[in-house]
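J.: Right, I'll just put the structure down here and ask away after.
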Amino acid sequence: MNPLLEIRNLAVAYGDVQALWDVSLNVEEGTIVSVLGANGAGKSTLMRTISGLMRPRSGEILFEGKVFSGKRPQQITAAGICHVPEGRGLFSQLTVQENLELGAYLPSVRGYFAQSLERVFELFPKLKERRHQQANSLSGGEQQMVAIGRAIMARPKLLILDEPSLGLSPIIVRQMFELIEALNRQGVTILIVEQNIRQALKIATRAYVLHTGRVAMEGRAEDLLANPEIQKAYMGTLD
Amino acid sequence: MWQFLSLGLLAELTVNGILFGAMYGVAAVGLSLIFGTMRIIFIAQGTIIILGAYLVYWLFTLGGIDPYLSLLLVVPAAFIAGAGVYQALFRKAAAISDKNTSLLIAVGLMFLVQNTMSYAWTPNPKSIVTGYTALGVEILNMRLSFTRLMSMVIAFAATGAVVVFLRRTLVGKAVRAASENMQAAMLMGIDPHRVNAIAFAIGFALAGAAGVALATTYPFDPYFGFVFALKALIALALGGIGNVVGALVGGLALGLIESYSAFFISGGWADAISYGVFLLVLMFRPEGLFVRSIKKA
Ligand SMILES: Nc1ncnc2c1ncn2[C@@H]1O[C@H](COP(=O)(O)OP(=O)(O)O)[C@@H](O)[C@H]1O
Ligand SMILES: [Mg+2]
């Protein structure tokens, strides 16, 4: 069977500055795939290219076997890829509920609006209480709930999360990883970028390590977790 | 001069300031919307208002159509024209991150429309005189001109309609979302060209309404549009860029400032004072006078 997402020999540049070289990556349906790497390695660039915010210089992106590279973000979103960008990308002047409504903006999912909203409020009762508040009045953890809730509203087949744990307290981070696993059990395939390497590897099926715009390492998450090189390079002396 | 100042006169200055300020406000609301999604100051906004005024004048003198009735024609036509102008002129430029191209297109459009109007209708000022132009309404011992009151009603109604659209409809919410974060909006599946075109369409529709308001109250000429756009820009700065209600309030404030300074200082100083206020606000309150300070992350 084809992987849900298949990236072949991708090269991406910002003007004259190339950020990705010859990146290939597969995400099988139903799995969690982690992308790791130092700051500036090109992780966000890769996610932005998948969701169509950037166009690749060369290479191909296939989703469900169809070529999506070079298509516009709304076509990619409509196909079932939902990208929660680094920093969450909330509409801070809009209310929580308005943010969620925009998650279901596309006609293909708008019909499920009430049902999806109920699902989000079931997952995050806090958001139901705060649904008429402006998004920027929420705490960091609650804002992350809105970001993930908004993604759920889009009923994605593939959910891309770019550093969802950024700026959150350890307890909230743990809850968030549990939530990601729960979503995955409900059938959402997940591609996650994390600095929180140990946790990201624990929940993942496979992982890729990017280094200065190239895939430096890839494999089963549990193998990478046990790999002394990874432990030395990325986990330092932390527990 | 102080000996002439009575409560009645003060009230009249205030009312006149508000009436004219409401028109600045509508122009500023249009600027605010277009700035929101496009990130350019649409400098041709005032000239489009004048074009609207000419259209009303033309419908009135040639077709005998009542100026207020022509709202029903001018506003929808302007709405469609706004979307068309975006698709024809701005669509390509909007896709590039350097906004100077879009700004230059707006400048070019302003001069083109200005000169075309000047050719079509001569540079001489025009005004519309109807049966009700001289009508007045007596309120609290003040005689208010009927047409100016109507202009204010049009301005408030138009702004109110835009606010309802932005707050209550999904597309309106999409416009607000895109104004705040276009890339995140695109990830929701929102088409940037669609929200840009809507911002232009509404901006032009507002200009059409303002054109009716202007044509029925003041004489206008083709070159007045540029000054009008500058005034709208000041209103925008007062109200806080990217805030629709603030833009209207900013327009009202500017109208008051002009009305008072024309009387208390001198008519000649009114404009200089407006531009002075503009600079002072940008220097000391760049987020606008009527916005709580926003901390940027
Ligand atoms: N908007 C941009 N313009 C130019 N270069 C950029 C831009 N965004 C990122 N880069 C560069 O691309 C490289 C990869 O960045 P990014 O994908 O954000 O890395 P990561 O997400 O792994 O931290 C870095 O060298 C960064 O400096
Ligand atoms: Mg990043």
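Chains: A, B, ... in order of the structure tokens. Residues: from 1 per chain. Ligands: from 1, in order shown.
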Return as a VMD selection string the full set of residues in range 17-220 of chain A whose backbone-based DSSP assignment is strand (DSSP E or B).
T.: chain A and resid 17 to 27 32 to 36 58 to 63 66 to 67 81 to 84 95 134 158 to 162 189 to 193 206 to 211 214 to 220
J.: Taking the chain letters and numbering used in this document, name the residues of range 47-227 of chain A that DSSP puts in helix (DSSP H, G or I), as a PyMOL selection string.
T.: chain A and resi 47-50+73-78+96-103+107-110+113-123+125-129+135-137+140-153+170-185+197-203+221-226
J.: Using only C-alpha atoms, select each residue of chain B with any atom at most 7 Å away from an atom of chain A, and give the selection as an MDAnalysis selection string.
T.: chainID B and resid 174 177 180:181 184 186:191
J.: Write the residues of the selection above to a file with N, CA, C and O atoms, as a PDB file, in the first residue's frame.
T.:
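This went into result.pdb:
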```pdb
ATOM      1  N   ALA B 174     -13.720  35.267   8.082  1.00  0.00           N
ATOM      2  CA  ALA B 174     -12.524  34.915   7.301  1.00  0.00           C
ATOM      3  C   ALA B 174     -11.733  36.174   6.949  1.00  0.00           C
ATOM      4  O   ALA B 174     -10.500  36.168   6.978  1.00  0.00           O
ATOM      5  N   ALA B 177      -9.931  37.179  10.038  1.00  0.00           N
ATOM      6  CA  ALA B 177      -8.831  36.247  10.290  1.00  0.00           C
ATOM      7  C   ALA B 177      -7.658  36.542   9.359  1.00  0.00           C
ATOM      8  O   ALA B 177      -6.504  36.614   9.786  1.00  0.00           O
ATOM      9  N   GLU B 180      -5.634  39.472  10.226  1.00  0.00           N
ATOM     10  CA  GLU B 180      -4.723  39.302  11.347  1.00  0.00           C
ATOM     11  C   GLU B 180      -3.540  38.423  10.987  1.00  0.00           C
ATOM     12  O   GLU B 180      -2.408  38.700  11.381  1.00  0.00           O
ATOM     13  N   ASN B 181      -3.789  37.345  10.273  1.00  0.00           N
ATOM     14  CA  ASN B 181      -2.714  36.394   9.973  1.00  0.00           C
ATOM     15  C   ASN B 181      -3.062  35.660   8.685  1.00  0.00           C
ATOM     16  O   ASN B 181      -3.757  34.653   8.692  1.00  0.00           O
ATOM     17  N   ALA B 184      -1.941  31.867   8.396  1.00  0.00           N
ATOM     18  CA  ALA B 184      -2.778  30.955   9.182  1.00  0.00           C
ATOM     19  C   ALA B 184      -4.149  30.826   8.522  1.00  0.00           C
ATOM     20  O   ALA B 184      -4.728  29.743   8.491  1.00  0.00           O
ATOM     21  N   MET B 186      -4.768  31.000   5.358  1.00  0.00           N
ATOM     22  CA  MET B 186      -4.621  30.113   4.207  1.00  0.00           C
ATOM     23  C   MET B 186      -4.631  28.652   4.639  1.00  0.00           C
ATOM     24  O   MET B 186      -5.141  27.781   3.925  1.00  0.00           O
ATOM     25  N   LEU B 187      -4.078  28.382   5.829  1.00  0.00           N
ATOM     26  CA  LEU B 187      -4.082  27.003   6.328  1.00  0.00           C
ATOM     27  C   LEU B 187      -5.485  26.521   6.700  1.00  0.00           C
ATOM     28  O   LEU B 187      -5.724  25.329   6.833  1.00  0.00           O
ATOM     29  N   MET B 188      -6.411  27.450   6.892  1.00  0.00           N
ATOM     30  CA  MET B 188      -7.817  27.081   7.127  1.00  0.00           C
ATOM     31  C   MET B 188      -8.531  26.798   5.806  1.00  0.00           C
ATOM     32  O   MET B 188      -9.709  26.473   5.796  1.00  0.00           O
ATOM     33  N   GLY B 189      -7.845  27.017   4.704  1.00  0.00           N
ATOM     34  CA  GLY B 189      -8.476  26.848   3.402  1.00  0.00           C
ATOM     35  C   GLY B 189      -9.050  28.140   2.850  1.00  0.00           C
ATOM     36  O   GLY B 189      -9.763  28.143   1.844  1.00  0.00           O
ATOM     37  N   ILE B 190      -8.744  29.256   3.509  1.00  0.00           N
ATOM     38  CA  ILE B 190      -9.248  30.549   3.036  1.00  0.00           C
ATOM     39  C   ILE B 190      -8.398  31.007   1.847  1.00  0.00           C
ATOM     40  O   ILE B 190      -7.169  31.010   1.926  1.00  0.00           O
ATOM     41  N   ASP B 191      -9.080  31.367   0.763  1.00  0.00           N
ATOM     42  CA  ASP B 191      -8.381  31.798  -0.448  1.00  0.00           C
ATOM     43  C   ASP B 191      -8.022  33.283  -0.304  1.00  0.00           C
ATOM     44  O   ASP B 191      -8.916  34.119  -0.176  1.00  0.00           O
TER      45      ASP B 191
END
```
J.: Report as a PyMOL selection string all protein, DNA and RNA residues lying within 10 Å of Phe42 in chain B, evaluated on only C-alpha atoms, omitting residues in the same chain fewer than 2 positions from it.
T.: chain B and resi 30-35+38-40+44-46+102-107+109-110+200+203+229+233
J.: List all protein, DNA and RNA residues that have any atom at most 8 Å from ligand 2, counting only C-alpha atoms and all ligand atoms, and write the list as a PyMOL selection string.
T.: chain A and resi 39-45+86+162-163+193
J.: Counting only C-alpha atoms and all ligand atoms, which residue out of A:Gly70, A:Gly213, A:Pro156, A:Gly30 sits closest to ligand 1?
T.: A:Gly213
J.: Find, counting only C-alpha atoms, the residue in B:Gly17, B:Gly63, B:Pro219, B:Gly250 that gets nearest to Leu236 in chain B.
T.: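 Ranked by minimum distance to Leu236 in chain B, first place goes to B:Gly250.
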J.: Restricting the calculation to only C-alpha atoms and all ligand atoms: of A:Asn196, A:Asn26, A:Thr49, A:Gln143, which residue gets closest to ligand 1?
T.: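 Using only C-alpha atoms and all ligand atoms, ligand 1 sits closest to A:Thr49.
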J.: Find the residues near range 8-12 of chain A: any atom within 9 Å, counting only C-alpha atoms, skip ones fewer than 2 places away on the same chain, and give them as number ranges by chain.
T.: A: 6, 14, 17-26, 45-46, 49, 54-62, 213
J.: Could you give me, as a compact mmCIF listing (two decimals) with C-alpha atoms, in the first residue's frame, the residues within 10 Å of Pro164 in chain A, counting only C-alpha atoms and dropping anything in the same chain fewer than 4 positions from it?
T.:
```txt
# COMPACT_ATOMS: atom_id res chain seq x y z
CA VAL A 84 -0.95 23.73 13.01
CA PRO A 85 1.99 26.08 12.44
CA GLU A 86 4.80 26.91 14.81
CA GLY A 87 3.49 29.48 17.29
CA ARG A 88 -0.06 28.11 16.74
CA GLY A 141 -2.07 25.82 27.30
CA GLN A 144 -2.80 25.30 22.27
CA MET A 145 -6.15 23.58 22.89
CA ALA A 147 -5.13 25.44 17.92
CA ILE A 148 -5.61 21.68 18.10
CA ILE A 160 0.81 18.37 11.06
CA LEU A 168 4.04 25.11 27.67
CA VAL A 173 3.04 19.13 27.60
CA MET A 176 -0.84 17.33 25.04
CA PHE A 177 1.18 14.28 24.06
CA ILE A 192 4.91 16.13 14.45
CA VAL A 193 7.92 18.42 14.77
CA GLU A 194 9.30 18.57 18.29
CA GLN A 195 12.16 19.87 20.39
CA ASN A 196 10.87 17.64 23.14
```
J.: In Å to one decimal, how far is CA of Leu149 in chain B from CA of Val162 in chain B?
T.: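 Straight-line distance from CA of Val162 in chain B to CA of Leu149 in chain B works out to 20.1 Å.
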J.: For Met150 in chain B, list every protein, DNA or RNA residue within 8 Å, evaluated using only C-alpha atoms, and leave out those in the same chain fewer than 4 positions away; present the list as an NGL selection string.
T.: :B and (146 or 154 or 213)
J.: Contacts of range 67-71 of chain B at 7 Å or less, counting only C-alpha atoms, minus same-chain residues fewer than 2 places along, as a short mmCIF file (atom, residue, chain, number, x, y, z; two decimals) with N, CA, C and O atoms, in the first residue's frame?
T.:
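So the final result, stored in part18.cif, reads:
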```cif
data_model
loop_
_atom_site.label_atom_id
_atom_site.label_comp_id
_atom_site.auth_asym_id
_atom_site.auth_seq_id
_atom_site.Cartn_x
_atom_site.Cartn_y
_atom_site.Cartn_z
N VAL B 56 -23.53 59.67 -9.24
CA VAL B 56 -24.80 60.13 -8.69
C VAL B 56 -25.25 61.39 -9.43
O VAL B 56 -26.42 61.53 -9.81
N PHE B 60 -28.48 61.79 -11.80
CA PHE B 60 -29.45 62.82 -11.43
C PHE B 60 -29.72 63.78 -12.59
O PHE B 60 -30.86 64.01 -12.97
N ILE B 65 -32.64 60.65 -11.78
CA ILE B 65 -32.80 59.70 -10.66
C ILE B 65 -32.42 60.40 -9.36
O ILE B 65 -31.36 61.01 -9.25
N LEU B 73 -28.38 51.73 -6.88
CA LEU B 73 -27.67 51.41 -8.11
C LEU B 73 -26.17 51.51 -7.90
O LEU B 73 -25.40 50.63 -8.31
N VAL B 74 -25.78 52.62 -7.24
CA VAL B 74 -24.35 52.94 -7.12
C VAL B 74 -23.63 51.95 -6.21
O VAL B 74 -22.53 51.47 -6.53
N VAL B 75 -24.25 51.61 -5.08
CA VAL B 75 -23.56 50.74 -4.12
C VAL B 75 -23.30 49.34 -4.68
O VAL B 75 -22.16 48.87 -4.66
N ALA B 209 -21.39 54.68 -1.32
CA ALA B 209 -22.30 55.28 -0.34
C ALA B 209 -21.79 56.67 0.06
O ALA B 209 -22.57 57.63 0.14
N VAL B 212 -22.59 59.27 -2.56
CA VAL B 212 -23.94 59.80 -2.47
C VAL B 212 -24.00 60.85 -1.35
O VAL B 212 -24.55 61.94 -1.52
#
```
J.: Mind giving me the straight-line distance from CA of Pro3 in chain A to CA of Leu191 in chain A in Å, one decimal?
T.: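 Atom-to-atom, CA of Pro3 in chain A to CA of Leu191 in chain A, that is 12.8 Å.
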J.: Have a look at CA of Val277 in chain B and CA of Ala253 in chain B and let me know their distance in Å, one decimal.
T.: 10.7 Å
J.: Considering only C-alpha atoms and all ligand atoms, state which residue in the set B:Ser97, B:Thr37, B:Thr122, B:Thr61 is at the smallest distance from ligand 1.
T.: B:Ser97
J.: Restricting the calculation to only C-alpha atoms: of B:Arg91, B:Phe79, B:Phe224, B:Ser179, which residue gets closest to Pro125 in chain B?
T.: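 Answer, going by the shortest atom-to-atom distance: B:Phe224.
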